[in-house]
>>> print(open('target.cif').read())   # mmCIF, C-alpha atoms and all ligand atoms
data_query
#
loop_
_atom_site.label_atom_id
_atom_site.label_comp_id
_atom_site.auth_asym_id
_atom_site.auth_seq_id
_atom_site.Cartn_x
_atom_site.Cartn_y
_atom_site.Cartn_z
CA MET A 122 110.20 103.23 80.68
CA THR A 123 109.55 103.16 84.39
CA ARG A 124 109.82 106.53 86.05
CA PRO A 125 111.76 107.07 89.29
CA PHE A 126 109.76 107.32 92.52
CA ASN A 127 109.54 110.96 93.56
CA PHE A 128 109.07 111.73 97.26
CA SER A 129 108.94 115.52 96.91
CA ALA A 130 106.77 117.40 99.44
CA GLY A 131 105.46 119.72 96.74
CA PRO A 132 105.15 120.33 93.92
CA ALA A 133 104.93 116.59 93.99
CA THR A 134 104.52 113.45 91.96
CA LEU A 135 101.36 113.11 89.87
CA PRO A 136 99.64 109.92 88.70
CA GLU A 137 101.40 108.73 85.55
CA GLU A 138 98.04 108.16 83.83
CA VAL A 139 97.18 111.82 84.39
CA LEU A 140 100.49 112.99 82.92
CA GLN A 141 100.04 110.70 79.91
CA GLN A 142 96.53 111.96 79.31
CA ALA A 143 97.60 115.60 79.59
CA ALA A 144 100.48 114.91 77.20
CA GLY A 145 98.16 113.23 74.70
CA GLU A 146 95.77 116.18 74.82
CA MET A 147 98.46 118.88 74.79
CA LEU A 148 98.08 119.97 71.16
CA ASP A 149 94.41 119.21 70.59
CA TRP A 150 91.89 118.85 73.40
CA HIS A 151 89.04 116.54 72.36
CA GLY A 152 89.14 117.52 68.70
CA SER A 153 88.74 121.23 69.48
CA GLY A 154 91.87 122.12 67.56
CA MET A 155 93.24 123.86 70.66
CA GLY A 156 95.34 122.92 73.64
CA VAL A 157 93.79 123.69 77.03
CA MET A 158 96.38 126.46 77.63
CA GLU A 159 95.19 128.21 74.50
CA MET A 160 91.45 128.30 75.20
CA SER A 161 89.42 131.22 76.43
CA HIS A 162 88.26 130.53 79.95
CA ARG A 163 84.82 131.63 78.73
CA SER A 164 84.74 129.06 75.91
CA ASN A 165 82.27 126.18 76.06
CA GLU A 166 85.22 123.79 76.04
CA PHE A 167 86.87 125.27 79.11
CA VAL A 168 83.60 125.85 80.95
CA SER A 169 82.92 122.10 80.60
CA ILE A 170 86.38 121.30 82.00
CA TYR A 171 85.70 123.58 84.97
CA GLU A 172 82.17 122.26 85.59
CA ASN A 173 83.34 118.65 85.49
CA ALA A 174 86.24 119.40 87.86
CA GLU A 175 83.90 121.02 90.35
CA ALA A 176 81.29 118.26 90.16
CA ASP A 177 83.94 115.52 90.39
CA PHE A 178 85.54 117.08 93.46
CA ARG A 179 82.15 117.53 95.12
CA GLU A 180 81.30 113.87 94.48
CA LEU A 181 84.75 112.54 95.45
CA MET A 182 84.86 114.39 98.76
CA ALA A 183 81.10 114.26 99.43
CA VAL A 184 80.98 118.04 99.81
CA PRO A 185 77.45 119.02 100.97
CA PRO A 186 75.42 121.43 98.80
CA HIS A 187 75.65 124.34 101.25
CA PHE A 188 79.39 124.63 100.55
CA LYS A 189 80.81 126.50 97.54
CA ILE A 190 83.86 125.06 95.81
CA LEU A 191 86.18 127.83 94.58
CA PHE A 192 89.28 127.61 92.42
CA MET A 193 91.54 130.51 93.31
CA GLN A 194 95.18 131.62 92.99
CA GLY A 195 97.85 132.55 95.49
CA GLY A 196 98.33 129.18 97.20
CA GLY A 197 97.98 128.35 100.87
CA LEU A 198 100.05 131.37 101.87
CA ALA A 199 97.70 133.82 100.16
CA GLU A 200 94.77 132.12 101.90
CA ASN A 201 96.43 132.97 105.22
CA ALA A 202 95.47 136.55 104.38
CA ILE A 203 92.37 135.89 102.26
CA VAL A 204 90.64 133.95 105.06
CA PRO A 205 90.84 136.75 107.69
CA LEU A 206 90.04 139.36 105.00
CA ASN A 207 86.82 137.46 104.31
CA ILE A 208 85.61 135.99 107.57
CA SER A 209 87.32 137.69 110.54
CA ARG A 210 85.07 140.81 110.30
CA GLY A 211 88.12 142.52 111.78
CA ALA A 212 87.38 140.90 115.13
CA SER A 213 89.23 137.97 116.66
CA ALA A 214 90.52 134.60 115.52
CA ASP A 215 91.95 131.67 117.48
CA PHE A 216 94.84 129.59 116.14
CA ILE A 217 96.04 126.12 117.00
CA VAL A 218 99.76 126.21 116.24
CA THR A 219 101.03 122.71 115.50
CA GLY A 220 103.94 123.35 113.13
CA SER A 221 105.44 125.74 110.60
CA TRP A 222 102.35 126.16 108.46
CA SER A 223 99.88 127.07 111.19
CA ASP A 224 102.54 129.36 112.69
CA LYS A 225 102.83 131.19 109.36
CA SER A 226 99.03 131.41 109.22
CA GLN A 227 98.67 133.07 112.62
CA LYS A 228 101.45 135.56 111.87
CA GLU A 229 99.80 136.65 108.62
CA ALA A 230 96.32 136.92 110.15
CA ARG A 231 97.65 139.45 112.70
CA LYS A 232 97.60 142.04 109.92
CA TYR A 233 93.82 141.80 109.75
CA CYS A 234 92.39 140.82 113.11
CA ASP A 235 93.06 140.14 116.78
CA VAL A 236 94.88 136.80 116.86
CA GLN A 237 95.28 134.53 119.84
CA ILE A 238 97.21 131.25 119.98
CA ALA A 239 94.66 129.04 121.72
CA ALA A 240 97.00 126.04 121.91
CA THR A 241 100.44 125.05 120.69
CA ASN A 242 102.88 122.21 121.02
CA ALA A 243 105.90 124.28 120.03
CA ASN A 244 107.66 123.18 123.21
CA SER A 245 107.66 119.58 121.96
CA ASP A 246 109.27 120.67 118.65
CA TYR A 247 105.90 119.98 117.06
CA THR A 248 106.09 116.24 117.52
CA SER A 249 102.65 115.94 119.14
CA LEU A 250 99.26 117.67 119.00
CA PRO A 251 97.71 119.59 121.91
CA PRO A 252 94.51 117.74 122.88
CA PRO A 253 91.38 119.73 121.91
CA ALA A 254 90.09 119.65 125.52
CA SER A 255 93.11 121.82 126.46
CA TRP A 256 92.46 124.53 123.84
CA LYS A 257 91.69 127.98 125.24
CA LEU A 258 89.03 129.06 122.77
CA ARG A 259 87.44 132.50 123.05
CA ARG A 260 83.65 132.76 123.00
CA ASP A 261 83.63 135.58 120.48
CA ALA A 262 86.24 134.27 118.03
CA SER A 263 85.18 134.74 114.41
CA TYR A 264 86.94 131.50 113.45
CA VAL A 265 89.35 128.84 114.68
CA HIS A 266 92.26 127.87 112.42
CA VAL A 267 93.87 124.43 112.32
CA CYS A 268 96.41 122.99 109.88
CA SER A 269 95.04 119.47 109.59
CA ASN A 270 98.29 118.06 108.19
CA GLU A 271 101.59 119.79 108.93
CA THR A 272 103.65 119.02 105.84
CA ILE A 273 107.03 119.94 107.36
CA HIS A 274 106.72 118.42 110.82
CA GLY A 275 104.69 115.38 109.77
CA VAL A 276 101.83 115.68 112.28
CA GLU A 277 98.24 115.06 111.21
CA PHE A 278 94.88 115.36 112.93
CA GLN A 279 93.43 111.86 112.72
CA GLU A 280 90.07 113.38 113.58
CA LEU A 281 88.96 116.98 113.08
CA PRO A 282 88.11 118.78 116.34
CA ASP A 283 84.44 119.11 117.22
CA LEU A 284 84.31 122.81 118.12
CA LYS A 285 80.65 122.63 119.17
CA GLY A 286 81.56 119.89 121.62
CA LEU A 287 84.20 122.26 123.01
CA GLY A 288 81.57 124.95 123.60
CA SER A 289 82.47 127.10 120.57
CA ASP A 290 80.14 128.25 117.79
CA ALA A 291 83.00 129.56 115.67
CA PRO A 292 83.54 128.03 112.24
CA LEU A 293 86.55 125.75 111.92
CA VAL A 294 89.01 126.70 109.18
CA ILE A 295 91.30 123.91 108.02
CA ASP A 296 94.42 124.17 105.89
CA PHE A 297 94.28 120.75 104.22
CA SER A 298 96.84 121.53 101.49
CA SER A 299 98.93 118.43 101.99
CA HIS A 300 96.33 115.76 102.70
CA VAL A 301 93.28 116.84 100.71
CA ALA A 302 91.64 113.84 99.04
CA SER A 303 93.85 111.38 100.94
CA ARG A 304 91.02 110.58 103.36
CA PRO A 305 87.38 111.63 103.81
CA VAL A 306 86.54 114.95 105.53
CA ASP A 307 83.83 115.28 108.18
CA TRP A 308 82.20 118.40 106.73
CA SER A 309 79.84 118.72 109.70
CA ARG A 310 82.85 120.02 111.66
CA VAL A 311 84.18 122.40 108.99
CA GLY A 312 83.33 125.99 108.06
CA LEU A 313 86.02 126.50 105.47
CA ALA A 314 88.82 124.37 104.00
CA PHE A 315 91.63 125.51 101.72
CA GLY A 316 94.55 123.89 100.02
CA GLY A 317 97.05 124.46 97.24
CA ALA A 318 96.85 121.80 94.53
CA GLN A 319 100.54 121.03 94.22
CA LYS A 320 100.77 118.41 96.98
CA ASN A 321 97.93 116.03 96.28
CA LEU A 322 95.80 117.31 93.40
CA GLY A 323 97.77 118.69 90.50
CA PRO A 324 100.27 121.33 89.47
CA ALA A 325 101.00 124.52 91.42
CA GLY A 326 98.87 127.54 90.57
CA VAL A 327 95.37 126.58 91.61
CA THR A 328 94.10 126.81 95.18
CA LEU A 329 90.98 124.98 96.22
CA VAL A 330 88.64 126.64 98.72
CA VAL A 331 85.55 124.92 100.11
CA VAL A 332 83.53 127.50 101.99
CA GLY A 333 80.15 127.41 103.74
CA GLU A 334 77.63 129.77 102.16
CA ASP A 335 77.00 131.40 105.54
CA LEU A 336 80.56 132.74 105.50
CA LEU A 337 80.16 134.59 102.19
CA GLY A 338 79.51 138.31 101.97
CA HIS A 339 81.38 139.53 105.06
CA ALA A 340 84.68 140.61 103.49
CA LEU A 341 86.49 143.63 104.93
CA PRO A 342 86.30 146.72 102.67
CA ALA A 343 90.02 146.42 101.91
CA CYS A 344 89.67 142.86 100.59
CA PRO A 345 90.73 142.75 96.91
CA SER A 346 87.72 141.93 94.72
CA ALA A 347 89.51 138.97 93.15
CA PHE A 348 89.92 137.49 96.65
CA ASP A 349 86.40 138.17 97.92
CA TYR A 350 84.85 134.71 98.28
CA LYS A 351 81.36 136.00 97.45
CA ILE A 352 82.53 137.64 94.24
CA VAL A 353 84.53 134.52 93.29
CA ALA A 354 81.53 132.29 94.06
CA ASP A 355 79.02 134.50 92.22
CA ASN A 356 81.30 134.37 89.16
CA HIS A 357 81.90 130.59 89.28
CA SER A 358 85.63 131.13 89.91
CA MET A 359 85.85 133.23 86.72
CA TYR A 360 85.79 136.76 88.09
CA ASN A 361 89.29 136.93 86.69
CA THR A 362 91.08 134.36 84.54
CA PRO A 363 91.50 131.20 86.58
CA PRO A 364 94.72 129.16 86.32
CA THR A 365 93.20 127.19 83.47
CA TYR A 366 95.87 124.57 82.84
CA SER A 367 96.39 123.76 86.52
CA LEU A 368 92.64 123.48 86.98
CA TYR A 369 92.44 121.11 84.01
CA VAL A 370 95.18 118.81 85.36
CA ALA A 371 93.56 118.85 88.81
CA GLY A 372 90.33 117.81 87.05
CA LEU A 373 92.14 114.88 85.42
CA THR A 374 93.42 113.90 88.87
CA PHE A 375 89.87 113.98 90.28
CA GLN A 376 88.81 111.58 87.49
CA TRP A 377 91.79 109.34 88.26
CA LEU A 378 90.84 109.37 91.96
CA LYS A 379 87.28 108.39 91.10
CA ARG A 380 88.57 105.35 89.18
CA GLN A 381 90.66 104.01 92.10
CA LYS A 382 89.52 100.86 93.89
CA GLU A 383 90.82 98.91 96.89
CA GLY A 384 88.66 95.92 97.70
CA THR A 385 85.11 97.27 97.91
CA ALA A 386 86.25 100.85 98.54
CA THR A 387 86.42 103.39 95.71
CA GLY A 388 87.62 106.95 95.26
CA VAL A 389 88.82 108.65 98.42
CA GLY A 390 87.86 105.59 100.46
CA ALA A 391 90.22 103.51 98.32
CA MET A 392 92.93 106.16 98.67
CA GLU A 393 92.56 106.11 102.44
CA LYS A 394 93.06 102.33 102.56
CA ARG A 395 96.08 102.51 100.29
CA ASN A 396 97.55 105.47 102.19
CA LEU A 397 97.17 103.67 105.51
CA ALA A 398 98.98 100.62 104.14
CA LYS A 399 101.77 102.75 102.67
CA ALA A 400 102.26 104.76 105.88
CA GLN A 401 102.25 101.67 108.07
CA LEU A 402 104.87 99.96 105.93
CA LEU A 403 107.20 102.96 106.11
CA TYR A 404 106.73 103.79 109.82
CA ASP A 405 107.20 100.11 110.75
CA ALA A 406 110.46 99.97 108.82
CA ILE A 407 111.73 103.10 110.59
CA ASP A 408 110.53 102.03 114.05
CA HIS A 409 112.03 98.55 113.75
CA SER A 410 115.43 99.88 112.85
CA GLN A 411 118.27 101.04 115.12
CA PHE A 412 119.55 103.18 112.30
CA TYR A 413 116.61 105.50 111.53
CA VAL A 414 114.22 107.38 113.81
CA ASN A 415 110.91 109.25 113.54
CA ARG A 416 110.20 111.43 116.59
CA VAL A 417 106.49 112.13 116.08
CA SER A 418 103.99 110.67 118.58
CA LYS A 419 102.34 107.60 117.13
CA ASP A 420 98.81 108.95 117.53
CA CYS A 421 99.38 111.91 115.21
CA ARG A 422 101.85 110.72 112.62
CA SER A 423 101.07 111.98 109.15
CA ARG A 424 100.05 109.47 106.51
CA MET A 425 101.38 111.84 103.85
CA ASN A 426 104.65 113.33 105.08
CA VAL A 427 107.11 111.14 106.96
CA PRO A 428 110.11 113.01 108.36
CA PHE A 429 112.88 110.76 109.64
CA PHE A 430 116.51 110.98 110.69
CA LEU A 431 119.59 108.84 110.37
CA ARG A 432 120.89 108.41 113.91
CA ASP A 433 124.33 109.05 112.47
CA GLU A 434 123.75 112.24 110.53
CA SER A 435 127.24 112.13 109.03
CA ARG A 436 125.80 109.55 106.63
CA ASN A 437 123.10 111.89 105.25
CA GLU A 438 124.91 112.75 102.02
CA ALA A 439 125.71 109.09 101.30
CA PHE A 440 122.11 108.13 102.01
CA LEU A 441 120.72 110.69 99.55
CA ALA A 442 123.26 109.82 96.85
CA GLY A 443 122.48 106.12 97.20
CA ALA A 444 118.76 106.82 97.04
CA LYS A 445 119.15 108.82 93.86
CA ALA A 446 121.19 106.02 92.30
CA ARG A 447 118.21 103.73 92.95
CA ASP A 448 115.75 106.19 91.39
CA LEU A 449 114.33 107.37 94.74
CA LEU A 450 114.18 111.14 94.39
CA GLN A 451 113.79 114.24 96.63
CA LEU A 452 114.12 112.62 100.05
CA LYS A 453 116.01 115.49 101.69
CA GLY A 454 114.18 116.90 104.72
CA HIS A 455 112.92 120.47 105.00
CA LYS A 456 115.74 122.85 105.90
CA SER A 457 114.04 123.88 109.17
CA VAL A 458 113.85 120.28 110.44
CA GLY A 459 116.79 118.59 108.71
CA GLY A 460 117.18 114.88 108.15
CA MET A 461 114.98 113.19 105.58
CA ARG A 462 111.35 113.41 104.56
CA ALA A 463 109.38 111.01 102.40
CA SER A 464 106.13 112.47 101.09
CA ILE A 465 103.88 109.62 100.10
CA TYR A 466 100.89 111.38 98.59
CA ASN A 467 97.99 109.75 96.74
CA ALA A 468 100.00 109.47 93.53
CA MET A 469 102.83 107.51 95.22
CA PRO A 470 102.09 103.81 94.60
CA LEU A 471 102.67 101.12 97.23
CA ALA A 472 105.52 99.89 95.01
CA GLY A 473 107.31 103.22 95.61
CA VAL A 474 107.11 102.84 99.38
CA LYS A 475 108.28 99.22 99.09
CA ALA A 476 111.27 100.36 97.04
CA LEU A 477 112.08 102.96 99.72
CA VAL A 478 111.75 100.42 102.55
CA ASP A 479 114.06 98.02 100.66
CA TYR A 480 116.58 100.82 100.25
CA LEU A 481 116.39 101.75 103.97
CA ARG A 482 117.23 98.14 104.87
CA ASP A 483 120.01 97.77 102.29
CA PHE A 484 121.65 101.05 103.22
CA GLU A 485 121.60 100.14 106.92
CA GLN A 486 123.09 96.68 106.27
CA LYS A 487 125.88 98.15 104.14
CA GLN A 488 126.86 100.52 106.96
CA ALA A 489 126.94 97.83 109.66
C1 LIG B 1 102.64 123.86 100.92
C2 LIG B 1 101.74 124.33 102.00
C3 LIG B 1 101.33 125.66 102.10
C4 LIG B 1 101.83 126.75 101.19
O1 LIG B 1 101.38 126.67 99.91
P1 LIG B 1 101.82 127.75 98.81
O2 LIG B 1 101.11 127.24 97.60
O3 LIG B 1 103.31 127.71 98.68
O4 LIG B 1 101.33 129.07 99.25
C5 LIG B 1 100.46 126.01 103.11
N1 LIG B 1 100.02 125.09 104.00
C6 LIG B 1 100.40 123.81 103.93
C7 LIG B 1 99.89 122.83 104.94
C8 LIG B 1 101.28 123.38 102.94
O5 LIG B 1 101.66 122.10 102.89
#
>>> encode(input="target.cif", output="structure tokens")
Amino acid sequence: MTRPFNFSAGPATLPEEVLQQAAGEMLDWHGSGMGVMEMSHRSNEFVSIYENAEADFRELMAVPPHFKILFMQGGGLAENAIVPLNISRGASADFIVTGSWSDKSQKEARKYCDVQIAATNANSDYTSLPPPASWKLRRDASYVHVCSNETIHGVEFQELPDLKGLGSDAPLVIDFSSHVASRPVDWSRVGLAFGGAQKNLGPAGVTLVVVGEDLLGHALPACPSAFDYKIVADNHSMYNTPPTYSLYVAGLTFQWLKRQKEGTATGVGAMEKRNLAKAQLLYDAIDHSQFYVNRVSKDCRSRMNVPFFLRDESRNEAFLAGAKARDLLQLKGHKSVGGMRASIYNAMPLAGVKALVDYLRDFEQKQA
């Protein structure tokens, strides 16, 4: 049986091999007589699952030793509060607002610290990124927040900003929920990174936080203990029960990522090559057509989330129905943007993007 191609923005498609493995291990994990959902998080079995997941992610993403890797709950939206609770010290934070997600982040942080929008491209409907040289960063900001891939608007930083080069000593916080593990990260520019798993890593329920050790231990008194990064780190993400099954499936995805190869590249390097090829194929098809349009500036188009419009929007329903009939699922755009959106995460094979591009062409020809 071949499964349909699923372009959901999240929760999103997972590698079929990962789903098969999880299914095979559902009733009895490695001869333990238990499924992973049924194990104590303190058991040797689960502790090995957790330790392997952490080590595999560190290796995959080349996370330096002075960063802690935490598995938390609450998703990206909870981190919008957890980050200022932990690292703002109640002082100030600067936000780069480049789409819906960073806008949500700055609104939430206002509950905990003095927030300034240091740059935004809201007046271009979030179809471009404000150049870092134009950012109005404050000297005393406790951190600078960037959403490195805006899932809804389809804009992605192709390079992380070098805050030191901009005269700022503040740590950079990135929300990398929707492109984590799709490309390497330059950790020398990052203080803290967070992301929910349900776009590119696994099921909903587990949130990955990569935090520099220097940022631990400064939580505001009101910070809930379960959300205090130092307490979570000191307890190896087991201060309270972690989302065990989601963490396990994310761990299987890390192993799958490690096995990927493209030419001489492996792991995340292989994913980056494949993701570039997939994105180019889809953007070229849209750009070369008179029928479809993507309005994002070419220099910041997301490799993961491709919003596009039919120039004649009265055909939207027919387009989606025809896509579904060809086993191309969940292409409807986010309600705030409209149109269509194809999310082409790590687990979307090139064959899925080819099938979508073929459908774009066939649908256009049928309308002409
Ligand atoms: C999906 C998403 C979120 C929100 O994640 P939740 O798990 O729903 O809290 C935050 N930021 C980005 C960039 C996202 O794509």
>>> closest_residue(input="target.cif", among="A:Val204, A:Ala398, A:Val139, A:Leu250", to="Val331 (chain A)", atoms="all atoms listed in the file")
A:Val204
>>> closest_atom_pairs(input="target.cif", of="chain A", to="ligand LIG 1 (chain B)", cutoff="9 Å", atoms="all atoms listed in the file", output="CSV")
residue,atom,partner,partner_atom,distance
A:Ala130,CA,B:LIG1,O5,7.8
A:Gly131,CA,B:LIG1,C1,6.5
A:Pro132,CA,B:LIG1,C1,8.2
A:Gln194,CA,B:LIG1,O2,8.7
A:Gly195,CA,B:LIG1,O4,6.2
A:Gly196,CA,B:LIG1,O2,3.4
A:Gly197,CA,B:LIG1,O4,3.8
A:Leu198,CA,B:LIG1,O4,3.7
A:Ala199,CA,B:LIG1,O4,6.0
A:Glu200,CA,B:LIG1,O4,7.7
A:Asn201,CA,B:LIG1,C5,8.3
A:Ser221,CA,B:LIG1,C7,8.4
A:Trp222,CA,B:LIG1,N1,5.1
A:Ser223,CA,B:LIG1,N1,7.5
A:Lys225,CA,B:LIG1,C5,8.5
A:Ser226,CA,B:LIG1,N1,8.3
A:Cys268,CA,B:LIG1,C7,6.0
A:Ser269,CA,B:LIG1,C7,7.5
A:Asn270,CA,B:LIG1,C7,6.0
A:Glu271,CA,B:LIG1,C7,5.3
A:Thr272,CA,B:LIG1,O5,4.7
A:Ile273,CA,B:LIG1,O5,7.3
A:Asp296,CA,B:LIG1,C7,5.7
A:Phe297,CA,B:LIG1,C7,6.0
A:Ser298,CA,B:LIG1,C7,4.8
A:Ser299,CA,B:LIG1,O5,4.7
A:His300,CA,B:LIG1,C7,8.2
A:Phe315,CA,B:LIG1,N1,8.7
A:Gly316,CA,B:LIG1,N1,6.9
A:Gly317,CA,B:LIG1,O2,4.9
A:Ala318,CA,B:LIG1,O2,7.6
A:Gln319,CA,B:LIG1,O2,7.1
A:Lys320,CA,B:LIG1,C1,7.0
A:Ala325,CA,B:LIG1,O2,6.8
A:Gly326,CA,B:LIG1,O2,7.4
A:Val327,CA,B:LIG1,O2,8.3
A:Thr328,CA,B:LIG1,O2,7.4
>>> write_last_selection(input="target.cif", atoms="C-alpha atoms", output="JSON list (two decimals), keeping the file's coordinate frame")
[["chain", "number", "residue", "atom", "x", "y", "z"],
["A", 130, "ALA", "CA", 106.77, 117.40, 99.44],
["A", 131, "GLY", "CA", 105.46, 119.72, 96.74],
["A", 132, "PRO", "CA", 105.15, 120.33, 93.92],
["A", 194, "GLN", "CA", 95.18, 131.62, 92.99],
["A", 195, "GLY", "CA", 97.85, 132.55, 95.49],
["A", 196, "GLY", "CA", 98.33, 129.18, 97.20],
["A", 197, "GLY", "CA", 97.98, 128.35, 100.87],
["A", 198, "LEU", "CA", 100.05, 131.37, 101.87],
["A", 199, "ALA", "CA", 97.70, 133.82, 100.16],
["A", 200, "GLU", "CA", 94.77, 132.12, 101.90],
["A", 201, "ASN", "CA", 96.43, 132.97, 105.22],
["A", 221, "SER", "CA", 105.44, 125.74, 110.60],
["A", 222, "TRP", "CA", 102.35, 126.16, 108.46],
["A", 223, "SER", "CA", 99.88, 127.07, 111.19],
["A", 225, "LYS", "CA", 102.83, 131.19, 109.36],
["A", 226, "SER", "CA", 99.03, 131.41, 109.22],
["A", 268, "CYS", "CA", 96.41, 122.99, 109.88],
["A", 269, "SER", "CA", 95.04, 119.47, 109.59],
["A", 270, "ASN", "CA", 98.29, 118.06, 108.19],
["A", 271, "GLU", "CA", 101.59, 119.79, 108.93],
["A", 272, "THR", "CA", 103.65, 119.02, 105.84],
["A", 273, "ILE", "CA", 107.03, 119.94, 107.36],
["A", 296, "ASP", "CA", 94.42, 124.17, 105.89],
["A", 297, "PHE", "CA", 94.28, 120.75, 104.22],
["A", 298, "SER", "CA", 96.84, 121.53, 101.49],
["A", 299, "SER", "CA", 98.93, 118.43, 101.99],
["A", 300, "HIS", "CA", 96.33, 115.76, 102.70],
["A", 315, "PHE", "CA", 91.63, 125.51, 101.72],
["A", 316, "GLY", "CA", 94.55, 123.89, 100.02],
["A", 317, "GLY", "CA", 97.05, 124.46, 97.24],
["A", 318, "ALA", "CA", 96.85, 121.80, 94.53],
["A", 319, "GLN", "CA", 100.54, 121.03, 94.22],
["A", 320, "LYS", "CA", 100.77, 118.41, 96.98],
["A", 325, "ALA", "CA", 101.00, 124.52, 91.42],
["A", 326, "GLY", "CA", 98.87, 127.54, 90.57],
["A", 327, "VAL", "CA", 95.37, 126.58, 91.61],
["A", 328, "THR", "CA", 94.10, 126.81, 95.18]]
>>> atom_distance(input="target.cif", atom1="CA of Asp235 (chain A)", atom2="CA of Val306 (chain A)")
28.3 Å
>>> closest_residue(input="target.cif", among="A:Gln381, A:Thr374, A:Thr387, A:Ser263", to="Asp177 (chain A)", atoms="all atoms listed in the file")
A:Thr374
>>> closest_residue(input="target.cif", among="A:Lys445, A:Arg260, A:His151, A:His162", to="Met359 (chain A)", atoms="all atoms listed in the file")
A:His162
>>> atom_distance(input="target.cif", atom1="CA of Phe429 (chain A)", atom2="CA of Leu322 (chain A)")
24.5 Å
>>> axis_aligned_box(input="target.cif", around="region 143-149 of chain A", padding_each_side="8 Å", output="AutoDock Vina command-line options")
--center_x 97.4 --center_y 116.6 --center_z 75.1 --size_x 22.1 --size_y 22.7 --size_z 25.0
>>> closest_residue(input="target.cif", among="A:Leu206, A:Lys382, A:Leu258, A:Phe278", to="Gly338 (chain A)", atoms="all atoms listed in the file")
A:Leu206
>>> residues_around(input="target.cif", residues="Arg416 (chain A)", least_positions_apart="4", cutoff="12 Å", atoms="all atoms listed in the file", output="number ranges by chain")
A: 245-249, 274-276, 404, 407-408, 420-423, 427-432, 458, 460
>>> closest_residue(input="target.cif", among="A:Ile190, A:Ala302, A:Cys344, A:Leu181", to="Tyr233 (chain A)", atoms="all atoms listed in the file")
A:Cys344
>>> atom_distance(input="target.cif", atom1="CA of Leu452 (chain A)", atom2="CA of Val218 (chain A)")
25.6 Å
>>> closest_residue(input="target.cif", among="A:Gln488, A:Leu397, A:Ala468, A:Gln279", to="Ala133 (chain A)", atoms="all atoms listed in the file")
A:Ala468
>>> residues_around(input="target.cif", residues="Phe216 (chain A)", least_positions_apart="6", cutoff="7 Å", atoms="only C-alpha atoms", output="ChimeraX atom specification")
/A:227,237-239,265-267
>>> residues_around(input="target.cif", residues="Met425 (chain A)", least_positions_apart="2", cutoff="6 Å", atoms="only C-alpha atoms", output="PyMOL selection string")
chain A and resi 423+464-466
>>> residues_around(input="target.cif", residues="Asp405 (chain A)", least_positions_apart="4", cutoff="12 Å", atoms="only C-alpha atoms", output="list in words")
Leu397, Ala398, Lys399, Ala400, Gln401, His409, Ser410, Gln411, Tyr413, Val414, Asn415, Lys419, Val427, Val474, Lys475, Val478, Leu481 and Arg482 of chain A
>>> write_last_selection(input="target.cif", atoms="C-alpha atoms", output="PDB file, in the coordinates of the input")
ATOM      1  CA  LEU A 397      97.170 103.670 105.510  1.00  0.00           C
ATOM      2  CA  ALA A 398      98.980 100.620 104.140  1.00  0.00           C
ATOM      3  CA  LYS A 399     101.770 102.750 102.670  1.00  0.00           C
ATOM      4  CA  ALA A 400     102.260 104.760 105.880  1.00  0.00           C
ATOM      5  CA  GLN A 401     102.250 101.670 108.070  1.00  0.00           C
ATOM      6  CA  HIS A 409     112.030  98.550 113.750  1.00  0.00           C
ATOM      7  CA  SER A 410     115.430  99.880 112.850  1.00  0.00           C
ATOM      8  CA  GLN A 411     118.270 101.040 115.120  1.00  0.00           C
ATOM      9  CA  TYR A 413     116.610 105.500 111.530  1.00  0.00           C
ATOM     10  CA  VAL A 414     114.220 107.380 113.810  1.00  0.00           C
ATOM     11  CA  ASN A 415     110.910 109.250 113.540  1.00  0.00           C
ATOM     12  CA  LYS A 419     102.340 107.600 117.130  1.00  0.00           C
ATOM     13  CA  VAL A 427     107.110 111.140 106.960  1.00  0.00           C
ATOM     14  CA  VAL A 474     107.110 102.840  99.380  1.00  0.00           C
ATOM     15  CA  LYS A 475     108.280  99.220  99.090  1.00  0.00           C
ATOM     16  CA  VAL A 478     111.750 100.420 102.550  1.00  0.00           C
ATOM     17  CA  LEU A 481     116.390 101.750 103.970  1.00  0.00           C
ATOM     18  CA  ARG A 482     117.230  98.140 104.870  1.00  0.00           C
TER      19      ARG A 482
END
>>> residues_around(input="target.cif", residues="Ser289 (chain A)", least_positions_apart="2", cutoff="12 Å", atoms="all atoms listed in the file", output="list of chain:residue names")
A:Asp215, A:Pro253, A:Ala254, A:Trp256, A:Lys257, A:Leu258, A:Arg259, A:Arg260, A:Asp261, A:Ala262, A:Ser263, A:Tyr264, A:Val265, A:Pro282, A:Asp283, A:Leu284, A:Lys285, A:Gly286, A:Leu287, A:Ala291, A:Pro292, A:Leu293, A:Arg310
>>> write_last_selection(input="target.cif", atoms="C-alpha atoms", output="compact mmCIF listing (two decimals), in the coordinates of the input")
# COMPACT_ATOMS: atom_id res chain seq x y z
CA ASP A 215 91.95 131.67 117.48
CA PRO A 253 91.38 119.73 121.91
CA ALA A 254 90.09 119.65 125.52
CA TRP A 256 92.46 124.53 123.84
CA LYS A 257 91.69 127.98 125.24
CA LEU A 258 89.03 129.06 122.77
CA ARG A 259 87.44 132.50 123.05
CA ARG A 260 83.65 132.76 123.00
CA ASP A 261 83.63 135.58 120.48
CA ALA A 262 86.24 134.27 118.03
CA SER A 263 85.18 134.74 114.41
CA TYR A 264 86.94 131.50 113.45
CA VAL A 265 89.35 128.84 114.68
CA PRO A 282 88.11 118.78 116.34
CA ASP A 283 84.44 119.11 117.22
CA LEU A 284 84.31 122.81 118.12
CA LYS A 285 80.65 122.63 119.17
CA GLY A 286 81.56 119.89 121.62
CA LEU A 287 84.20 122.26 123.01
CA ALA A 291 83.00 129.56 115.67
CA PRO A 292 83.54 128.03 112.24
CA LEU A 293 86.55 125.75 111.92
CA ARG A 310 82.85 120.02 111.66
